[in-house]
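Asks: Pasting in a structure now, in structure tokens, and then I'll have a few things to ask.
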Amino acid sequence: PLNKAYPEIIYRTGDLARYNEEGELIFLSRKDYQIKHMGHRIELGEIETAFQALDGISRVCCIYDEPNTKIIGFYVGELEAKEIIERLTERLPRFMIPNVFRQVDEMPLTKNGKIDRKCLMEEYRESMQNRVKS
């Protein structure tokens with residue numbers, strides 16, 4: 001509780017945040033996208049934050065393909081994968097850089113306006129199956 005005068009209810013929202021230099025609380029990402037990859041615990045939101053900060057990228061979503069142990073970075077933007085990797089290497093450790101990059105025209109959204117991760121993953125798996133058949 002932030003108040004010592006009377007009891008307050010505190011809710012666990014699942015959001016990850018930090019305080020900045022001015023003492024303000026800054027939203028970082030959601031806690032529910034933590035994965036274990038290459039022996040490291042990783043918040044996909046951290047990758048998304050670094051990825052989205054790149055010039056030329058407007059929207060990002062990272063998903064973990066657990067059966068194939070790959071981090072997939074979906075993005076809306078004009079950069080090529082090689083350039084993204086070079087720029088992300090300056091911001092993230094190697095084990096956090098997505099293994100696969102998928103450029104999309106726009107992110108599919110749920111009815112609530114959030115990125116539809118399920119839809120992205122279905123499209124990815126479908127495209128992988130089509131490659132195998134070809």
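Ordering of the structure tokens sets the chain letters (A, B, ...); residue numbers start at 1 within each chain; ligands are numbered from 1 in the order shown.
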Near His40 (chain A), counting only C-alpha atoms, which residues have an atom at most 12 Å away, once you skip same-chain residues fewer than 6 positions from it, shown as a PDB file with N, CA and C atoms, in the first residue's frame?

Replies:
ATOM      1  N   GLN A  34       6.413 -13.907 -20.535  1.00  0.00           N
ATOM      2  CA  GLN A  34       7.757 -14.344 -20.178  1.00  0.00           C
ATOM      3  C   GLN A  34       7.982 -15.751 -20.735  1.00  0.00           C
ATOM      4  N   PRO A  93      20.974  -8.409 -25.822  1.00  0.00           N
ATOM      5  CA  PRO A  93      21.913  -9.536 -25.920  1.00  0.00           C
ATOM      6  C   PRO A  93      21.479 -10.476 -27.050  1.00  0.00           C
ATOM      7  N   ARG A  94      22.401 -11.199 -27.591  1.00  0.00           N
ATOM      8  CA  ARG A  94      22.161 -12.060 -28.758  1.00  0.00           C
ATOM      9  C   ARG A  94      21.000 -13.031 -28.550  1.00  0.00           C
ATOM     10  N   PHE A  95      20.886 -13.605 -27.343  1.00  0.00           N
ATOM     11  CA  PHE A  95      19.847 -14.600 -27.101  1.00  0.00           C
ATOM     12  C   PHE A  95      18.431 -13.999 -27.123  1.00  0.00           C
ATOM     13  N   MET A  96      18.325 -12.671 -27.098  1.00  0.00           N
ATOM     14  CA  MET A  96      17.016 -12.020 -27.130  1.00  0.00           C
ATOM     15  C   MET A  96      16.603 -11.570 -28.537  1.00  0.00           C
TER      16      MET A  96
END

Asks: With the cut-off set at 8 Å and counting only C-alpha atoms, tabulate each residue of region 50-104 of chain A with an atom at most that distance from an atom of region 110-131 of chain A, showing the nearest atom pair and its distance in Å to one decimal, ordered by chain and increasing number, as a Markdown table.

Replies:
| residue | atom | partner | partner_atom | distance |
| --- | --- | --- | --- | --- |
| A:Cys61 | CA | A:Ile115 | CA | 7.5 |
| A:Ile63 | CA | A:Arg117 | CA | 7.2 |
| A:Phe74 | CA | A:Leu120 | CA | 8.0 |

Asks: Show me, as a count of residues only, the residues that have an atom within 10 Å of Ile71 (chain A) when counting only C-alpha atoms, minus same-chain residues fewer than 4 positions from it.

Replies: 16

Asks: Calculate how many Å separate CA of Leu16 (chain A) from CA of Arg102 (chain A), rounding to one decimal.

Replies: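 Separating CA of Leu16 (chain A) from CA of Arg102 (chain A) is a distance of 25.9 Å.
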
Asks: Between A:Thr89, A:Tyr11, A:Glu22, A:Pro108, which has the minimum distance to Ala50 (chain A) (counting only C-alpha atoms)?

Replies: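 Distance minimum relative to Ala50 (chain A) lands on A:Thr89.
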
Asks: Using DSSP on the backbone, list every residue of chain A that comes out as alpha helix (DSSP H), and give them as a VMD selection string.

Replies: chain A and resid 44 to 52 81 to 89 117 to 133

Asks: Residues of region 39-130 of chain A in strand (DSSP E) according to DSSP, as a ChimeraX atom specification?

Replies: /A:40-43,57-65,70-77,100-103

Asks: Which residue, A:Arg59, A:Glu80, A:Arg18, A:Thr69, has the smallest gap to Leu109 (chain A) when you use only C-alpha atoms?

Replies: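 Smallest separation from Leu109 (chain A) among the options: A:Arg59.
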
Asks: Name the closest residue to Ile42 (chain A) among the candidates A:Leu79, A:Val104, A:Ile85, A:Leu92; distances are taken between atoms, counting only C-alpha atoms.

Replies: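 Of A:Leu79, A:Val104, A:Ile85, A:Leu92, the one nearest Ile42 (chain A), counting only C-alpha atoms, is A:Leu92.
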
Asks: What gap, in Å, lies between CA of Glu8 (chain A) and CA of Tyr33 (chain A)?

Replies: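 Result for CA of Glu8 (chain A) versus CA of Tyr33 (chain A): 28.1 Å, one decimal.
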
Asks: Here is a test: counting only C-alpha atoms, which residue of A:Leu25, A:Val76, A:Leu88, A:Ala5 is nearest to Glu46 (chain A)?

Replies: A:Leu88

Asks: One number please: CA of Leu28 (chain A) to CA of Gly45 (chain A), in Å, one decimal.

Replies: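 Going from CA of Leu28 (chain A) over to CA of Gly45 (chain A), I get 7.1 Å.
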
Asks: When distances are computed from only C-alpha atoms, which of A:Arg91, A:Lys82, A:Lys36, A:Lys70 shows the smallest separation from Thr49 (chain A)?

Replies: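 Going through A:Arg91, A:Lys82, A:Lys36, A:Lys70 one by one, the smallest distance to Thr49 (chain A) is for A:Arg91.
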